Amino acid sequence: MKKIYSILLSAALLATSSVATAQQLPNVGFENWKSACGSTESLGSSTGMRQRPGVEPTDWNGSSVNQKVGLEKKQELVFKETGSVYSGSAAVKMQNIYVGVNLGITKVGSVAPGFLTFGTPWVYAVSKVAECDGGVYGGMSFTYKPDAITGMYKRTDSNTENSYIIAYLWNGSFTSKIGKKGAPTEDRTDEVRGIFGQISASGDGKLVAKCEQAFNSTSGNWQRITVPLEYVEGAGDPTMMNVVISGGNFWDRGSLKENTTLLADDVDFVYYSRLSDLKVNGLSVEGFSSDVYTYNMAGTELPTEDQIDAMVMGQSAIASVSVNAKEATVTVEVVNVGKDLDGKVSHSYVLQYEKGAAKEGVTTEYPGYLNVSIPDLSETPITENQAATILITKYDDGSCDFLLPDFVLEGLGELGDIEVIGANVTADADGAEAYTGYVEGMELLGGELIADVTLNGTIDALGEVNMNIDVLWEGMPIICTFTTKMATSIGSIVVEDAVVEYYNLQGVKVANPSNGVFIRVANGKATKVLVK
């Protein structure tokens, strides 16, 4: 049992950590480089895939030239930069360079653009420069929804030509023409101009999101540029993605200027895990800002969770609300699948209300025994008759604080305190008391395990305690029972009279189960049963 549970938890935590990298761009800092470049499709005077000269960042494709118009011409346009970097040991440099051949008394050629992409570059090259063209088709598989693309950039020339940052996501496929400028004839799938709607395209493709940023100077310094992605309503989820970082004018080769040079480093997607607004009872928190995380609120009365309206910034962000009566706080935690601009995948906003006068209560310790079952993993308890002590602090207003300190679960060790603040206490005419309480999002195992806790139990007139402390983690119930009387068992059969209780598969207690599968709990043992 110990081994099974440890493996289960480790796998869950590993899955959480691995998600944090799967949706990012590969080789974001351009630290890794290919020993040989990939290929560009050549059209016009020569056709086919031609390997580019020089080197280029791993996972990316550059625009370095290998073409044949009468004579073969090779020219590097993408370079590994080690002298001027923002971070790490390398950056990438993209430069526009004149590419041509000497034909006796004249030269034939044009300025070629330096750029990077995940797609396949193509070039149409002939002796008539006005007919030459080029672009990019394809990209890489991608199913996430980033909110922006960010990176560090540095222009090192004095040209006024624009550099471009372009990113786009789509699903389905677009078929459009490439080739001779103004009269293309070759069909290719997912060419950038077809996806952007600049030329006609057929197919079932839908543009999900795009962004485009033009700039012509960084004042000679490294500058962070973050470009938000604009999503198309109703376009669905992406299946493909591409990015183009171009030193010069990517869209119009006729306007390229020689020696326009752009350096780039640390290019990556951004996933916002912050709020755009936070409202209480329909009114925005005074002075709210997405980058301010603590607010002092007037009054001692806390709002309920359904009175909090948390509006997330991110496409994939999720906000959860928890109210802590003891600390007089409302906490909104926002999580996303990837890193925000500050490198974090989650942010917490705390509304601090005024604490009321401390209630005076009477605390009683109850030594007894703890039994723990995980029905999804085993039909038998994983802990039986473990010595434990609970503390109950009762107040005159009919409430109490329940504490099971230093909760230990076999296979994981000490998970921490299970504390239910403000639980309800009701007494009957015979002096017996019933206890009920609920906590959403309790942090256990140092915050690695976030669970909902439900308390149901009784203390009879003679002081005998029977408490059910049900922990629901990721849809899996961990059923704990505390009693002051040790249960005796033979194998898995408890000979003590059983108090039978039922829970649904979400860990919620059900008084009269019917027509479904439920968890039956008796004397610390939990089993799944079908009730008709």
# chains A, B, ... in the order shown; residues from 1 in each chain; ligands from 1

call {"tool": "residues_around", "arguments": {"residues": "Trp473 in chain A", "least_positions_apart": "4", "cutoff": "10 Å", "atoms": "only C-alpha atoms", "output": "JSON, numbers by chain"}}
result
{"A": [441, 442, 449, 450, 451, 452, 453, 477, 478, 506, 507]}

call {"tool": "write_last_selection", "arguments": {"atoms": "C-alpha atoms", "output": "PDB file, in the first residue's frame"}}
result
ATOM      1  CA  GLY A 441      -8.301  24.169  -0.527  1.00  0.00           C
ATOM      2  CA  MET A 442      -6.473  23.130   2.639  1.00  0.00           C
ATOM      3  CA  LEU A 449      -1.234  18.534  -1.615  1.00  0.00           C
ATOM      4  CA  ILE A 450      -4.291  20.803  -1.846  1.00  0.00           C
ATOM      5  CA  ALA A 451      -7.457  19.154  -0.594  1.00  0.00           C
ATOM      6  CA  ASP A 452     -11.008  19.822   0.569  1.00  0.00           C
ATOM      7  CA  VAL A 453     -11.833  18.629   4.085  1.00  0.00           C
ATOM      8  CA  PRO A 477     -11.279  10.500  -1.131  1.00  0.00           C
ATOM      9  CA  ILE A 478      -9.016   9.850   1.864  1.00  0.00           C
ATOM     10  CA  GLN A 506     -16.652  13.448  -4.694  1.00  0.00           C
ATOM     11  CA  GLY A 507     -16.343  12.792  -0.962  1.00  0.00           C
TER      12      GLY A 507
END

call {"tool": "select_by_dssp", "arguments": {"residues": "range 250-479 of chain A", "states": "helix (DSSP H, G or I)", "output": "JSON, numbers by chain"}}
result
{"A": [253, 254, 255, 305, 306, 307, 445, 446, 447]}

call {"tool": "closest_residue", "arguments": {"among": "A:Phe30, A:Phe402, A:Trp222, A:Trp170", "to": "Leu455 in chain A", "atoms": "only C-alpha atoms"}}
result
A:Phe402

call {"tool": "atom_distance", "arguments": {"atom1": "CA of Trp60 in chain A", "atom2": "CA of Phe250 in chain A"}}
result
16.5 Å

call {"tool": "atom_distance", "arguments": {"atom1": "CA of Glu354 in chain A", "atom2": "CA of Val323 in chain A"}}
result
13.5 Å

call {"tool": "closest_residue", "arguments": {"among": "A:Leu169, A:Leu444, A:Ile308, A:Val267", "to": "Gly236 in chain A", "atoms": "only C-alpha atoms"}}
result
A:Leu169

call {"tool": "residues_around", "arguments": {"residues": "Val232 in chain A", "least_positions_apart": "4", "cutoff": "8 Å", "atoms": "only C-alpha atoms", "output": "PyMOL selection string"}}
result
chain A and resi 207-209

call {"tool": "write_last_selection", "arguments": {"atoms": "N, CA and C atoms", "output": "PDB file, in the first residue's frame"}}
result
ATOM      1  N   LEU A 207      -7.630  30.588 -38.283  1.00  0.00           N
ATOM      2  CA  LEU A 207      -6.646  31.310 -37.493  1.00  0.00           C
ATOM      3  C   LEU A 207      -7.181  31.472 -36.078  1.00  0.00           C
ATOM      4  N   VAL A 208      -6.472  30.939 -35.102  1.00  0.00           N
ATOM      5  CA  VAL A 208      -6.917  30.989 -33.708  1.00  0.00           C
ATOM      6  C   VAL A 208      -6.433  32.257 -33.028  1.00  0.00           C
ATOM      7  N   ALA A 209      -5.173  32.624 -33.244  1.00  0.00           N
ATOM      8  CA  ALA A 209      -4.615  33.818 -32.608  1.00  0.00           C
ATOM      9  C   ALA A 209      -3.407  34.280 -33.401  1.00  0.00           C
TER      10      ALA A 209
END

call {"tool": "atom_distance", "arguments": {"atom1": "CA of Asn171 in chain A", "atom2": "CA of Lys206 in chain A"}}
result
5.4 Å

call {"tool": "closest_atom_pairs", "arguments": {"of": "range 53-111 of chain A", "to": "range 129-152 of chain A", "cutoff": "8 Å", "atoms": "only C-alpha atoms", "output": "tab-separated table"}}
result
residue	atom	partner	partner_atom	distance
A:Tyr86	CA	A:Met152	CA	7.1
A:Val108	CA	A:Val129	CA	7.8
A:Gly109	CA	A:Val129	CA	6.7
A:Ser110	CA	A:Val129	CA	6.7

call {"tool": "write_last_selection", "arguments": {"atoms": "C-alpha atoms", "output": "PDB file, in the first residue's frame"}}
result
ATOM      1  CA  TYR A  86      21.469  39.397 -22.852  1.00  0.00           C
ATOM      2  CA  VAL A 108      22.372  40.710 -60.519  1.00  0.00           C
ATOM      3  CA  GLY A 109      20.968  40.316 -57.018  1.00  0.00           C
ATOM      4  CA  SER A 110      19.044  41.860 -54.169  1.00  0.00           C
TER       5      SER A 110
END

call {"tool": "residues_around", "arguments": {"residues": "range 210-218 of chain A", "least_positions_apart": "6", "cutoff": "12 Å", "atoms": "only C-alpha atoms", "output": "NGL selection string"}}
result
:A and (145-170 or 192 or 195-197 or 224-232 or 235 or 238 or 240-251 or 257 or 260-264 or 269)

call {"tool": "write_last_selection", "arguments": {"atoms": "C-alpha atoms", "output": "mmCIF file, in the first residue's frame"}}
result
data_model
loop_
_atom_site.group_PDB
_atom_site.id
_atom_site.type_symbol
_atom_site.label_atom_id
_atom_site.label_comp_id
_atom_site.auth_asym_id
_atom_site.auth_seq_id
_atom_site.Cartn_x
_atom_site.Cartn_y
_atom_site.Cartn_z
ATOM 1 C CA LYS A 145 -3.029 29.067 -25.626
ATOM 2 C CA PRO A 146 -0.292 31.527 -24.687
ATOM 3 C CA ASP A 147 -1.226 35.135 -23.982
ATOM 4 C CA ALA A 148 1.802 36.892 -25.449
ATOM 5 C CA ILE A 149 5.290 36.402 -26.814
ATOM 6 C CA THR A 150 8.198 38.143 -25.095
ATOM 7 C CA GLY A 151 11.900 38.472 -25.721
ATOM 8 C CA MET A 152 14.978 40.650 -25.500
ATOM 9 C CA TYR A 153 15.954 42.490 -28.699
ATOM 10 C CA LYS A 154 18.744 44.782 -29.824
ATOM 11 C CA ARG A 155 19.011 46.732 -33.087
ATOM 12 C CA THR A 156 22.613 47.627 -33.920
ATOM 13 C CA ASP A 157 22.144 49.599 -37.185
ATOM 14 C CA SER A 158 20.936 53.071 -38.032
ATOM 15 C CA ASN A 159 18.441 52.064 -40.750
ATOM 16 C CA THR A 160 14.802 53.078 -40.375
ATOM 17 C CA GLU A 161 13.579 49.747 -41.720
ATOM 18 C CA ASN A 162 11.239 47.848 -39.399
ATOM 19 C CA SER A 163 12.113 44.592 -37.707
ATOM 20 C CA TYR A 164 9.199 42.196 -37.068
ATOM 21 C CA ILE A 165 8.020 39.851 -34.307
ATOM 22 C CA ILE A 166 5.253 37.608 -35.648
ATOM 23 C CA ALA A 167 3.490 34.716 -33.904
ATOM 24 C CA TYR A 168 0.358 32.819 -34.890
ATOM 25 C CA LEU A 169 -1.664 29.727 -33.961
ATOM 26 C CA TRP A 170 -4.163 27.857 -36.118
ATOM 27 C CA VAL A 192 1.978 32.552 -43.530
ATOM 28 C CA ILE A 195 -3.070 32.108 -42.814
ATOM 29 C CA PHE A 196 -3.008 35.888 -42.268
ATOM 30 C CA GLY A 197 -5.498 36.408 -45.097
ATOM 31 C CA ARG A 224 12.290 43.684 -23.689
ATOM 32 C CA ILE A 225 9.420 43.631 -26.142
ATOM 33 C CA THR A 226 6.215 41.796 -25.199
ATOM 34 C CA VAL A 227 3.515 41.403 -27.833
ATOM 35 C CA PRO A 228 -0.005 40.245 -26.805
ATOM 36 C CA LEU A 229 -1.692 37.559 -28.898
ATOM 37 C CA GLU A 230 -5.142 38.446 -30.224
ATOM 38 C CA TYR A 231 -7.558 35.493 -30.200
ATOM 39 C CA VAL A 232 -10.322 35.017 -32.733
ATOM 40 C CA ALA A 235 -11.976 29.707 -33.799
ATOM 41 C CA PRO A 238 -4.930 25.521 -31.890
ATOM 42 C CA MET A 240 -0.226 24.326 -34.911
ATOM 43 C CA MET A 241 1.992 27.315 -34.168
ATOM 44 C CA ASN A 242 4.713 29.343 -35.844
ATOM 45 C CA VAL A 243 6.926 32.273 -34.927
ATOM 46 C CA VAL A 244 8.906 34.575 -37.236
ATOM 47 C CA ILE A 245 11.587 36.917 -35.894
ATOM 48 C CA SER A 246 12.887 39.064 -38.735
ATOM 49 C CA GLY A 247 15.686 41.600 -38.704
ATOM 50 C CA GLY A 248 14.135 43.445 -41.644
ATOM 51 C CA ASN A 249 10.775 43.828 -43.360
ATOM 52 C CA PHE A 250 9.539 40.247 -43.542
ATOM 53 C CA TRP A 251 6.495 41.068 -45.664
ATOM 54 C CA LYS A 257 17.776 47.624 -46.601
ATOM 55 C CA THR A 260 19.707 46.013 -41.053
ATOM 56 C CA THR A 261 20.741 43.934 -38.033
ATOM 57 C CA LEU A 262 18.736 42.504 -35.130
ATOM 58 C CA LEU A 263 19.938 40.504 -32.120
ATOM 59 C CA ALA A 264 17.472 38.370 -30.129
ATOM 60 C CA PHE A 269 5.633 32.573 -24.739
#

call {"tool": "residues_around", "arguments": {"residues": "Tyr293 in chain A", "least_positions_apart": "6", "cutoff": "7 Å", "atoms": "only C-alpha atoms", "output": "ChimeraX atom specification"}}
result
/A:348-350

call {"tool": "residues_around", "arguments": {"residues": "Phe407 in chain A", "least_positions_apart": "4", "cutoff": "7 Å", "atoms": "only C-alpha atoms", "output": "JSON, numbers by chain"}}
result
{"A": [414, 415, 416, 417, 418]}

call {"tool": "write_last_selection", "arguments": {"atoms": "N, CA and C atoms", "output": "PDB file, in the first residue's frame"}}
result
ATOM      1  N   GLU A 414       4.413  12.938   7.568  1.00  0.00           N
ATOM      2  CA  GLU A 414       3.582  13.951   8.194  1.00  0.00           C
ATOM      3  C   GLU A 414       3.050  14.930   7.160  1.00  0.00           C
ATOM      4  N   LEU A 415       1.724  15.001   7.039  1.00  0.00           N
ATOM      5  CA  LEU A 415       1.111  15.919   6.096  1.00  0.00           C
ATOM      6  C   LEU A 415       0.877  17.297   6.698  1.00  0.00           C
ATOM      7  N   GLY A 416       0.823  17.390   8.027  1.00  0.00           N
ATOM      8  CA  GLY A 416       0.569  18.662   8.682  1.00  0.00           C
ATOM      9  C   GLY A 416      -0.724  18.632   9.475  1.00  0.00           C
ATOM     10  N   ASP A 417      -1.151  19.791   9.939  1.00  0.00           N
ATOM     11  CA  ASP A 417      -2.360  19.905  10.747  1.00  0.00           C
ATOM     12  C   ASP A 417      -3.601  19.930   9.859  1.00  0.00           C
ATOM     13  N   ILE A 418      -4.618  19.190  10.303  1.00  0.00           N
ATOM     14  CA  ILE A 418      -5.954  19.333   9.700  1.00  0.00           C
ATOM     15  C   ILE A 418      -6.768  20.177  10.671  1.00  0.00           C
TER      16      ILE A 418
END

call {"tool": "closest_residue", "arguments": {"among": "A:Glu365, A:Asp396, A:Asp187, A:Glu301", "to": "Gln352 in chain A", "atoms": "only C-alpha atoms"}}
result
A:Glu301

call {"tool": "residues_around", "arguments": {"residues": "Ala461 in chain A", "least_positions_apart": "6", "cutoff": "9 Å", "atoms": "only C-alpha atoms", "output": "PyMOL selection string"}}
result
chain A and resi 430-433

call {"tool": "write_last_selection", "arguments": {"atoms": "N, CA and C atoms", "output": "mmCIF file, in the first residue's frame"}}
result
data_model
loop_
_atom_site.group_PDB
_atom_site.id
_atom_site.type_symbol
_atom_site.label_atom_id
_atom_site.label_comp_id
_atom_site.auth_asym_id
_atom_site.auth_seq_id
_atom_site.Cartn_x
_atom_site.Cartn_y
_atom_site.Cartn_z
ATOM 1 N N ASP A 430 -30.424 15.056 25.121
ATOM 2 C CA ASP A 430 -29.711 14.090 25.953
ATOM 3 C C ASP A 430 -28.267 14.491 26.221
ATOM 4 N N GLY A 431 -27.822 15.636 25.662
ATOM 5 C CA GLY A 431 -26.452 16.088 25.887
ATOM 6 C C GLY A 431 -25.466 15.654 24.824
ATOM 7 N N ALA A 432 -25.920 14.890 23.827
ATOM 8 C CA ALA A 432 -25.026 14.504 22.736
ATOM 9 C C ALA A 432 -24.835 15.694 21.791
ATOM 10 N N GLU A 433 -23.644 15.784 21.201
ATOM 11 C CA GLU A 433 -23.320 16.905 20.331
ATOM 12 C C GLU A 433 -22.934 16.405 18.934
#

call {"tool": "select_by_dssp", "arguments": {"residues": "range 257-459 of chain A", "states": "strand (DSSP E or B)", "output": "PyMOL selection string"}}
result
chain A and resi 261-270+275-280+283-284+294-296+308-312+318-324+329-335+346-352+362-373+383-394+399-409+413-427+433-444+449-459
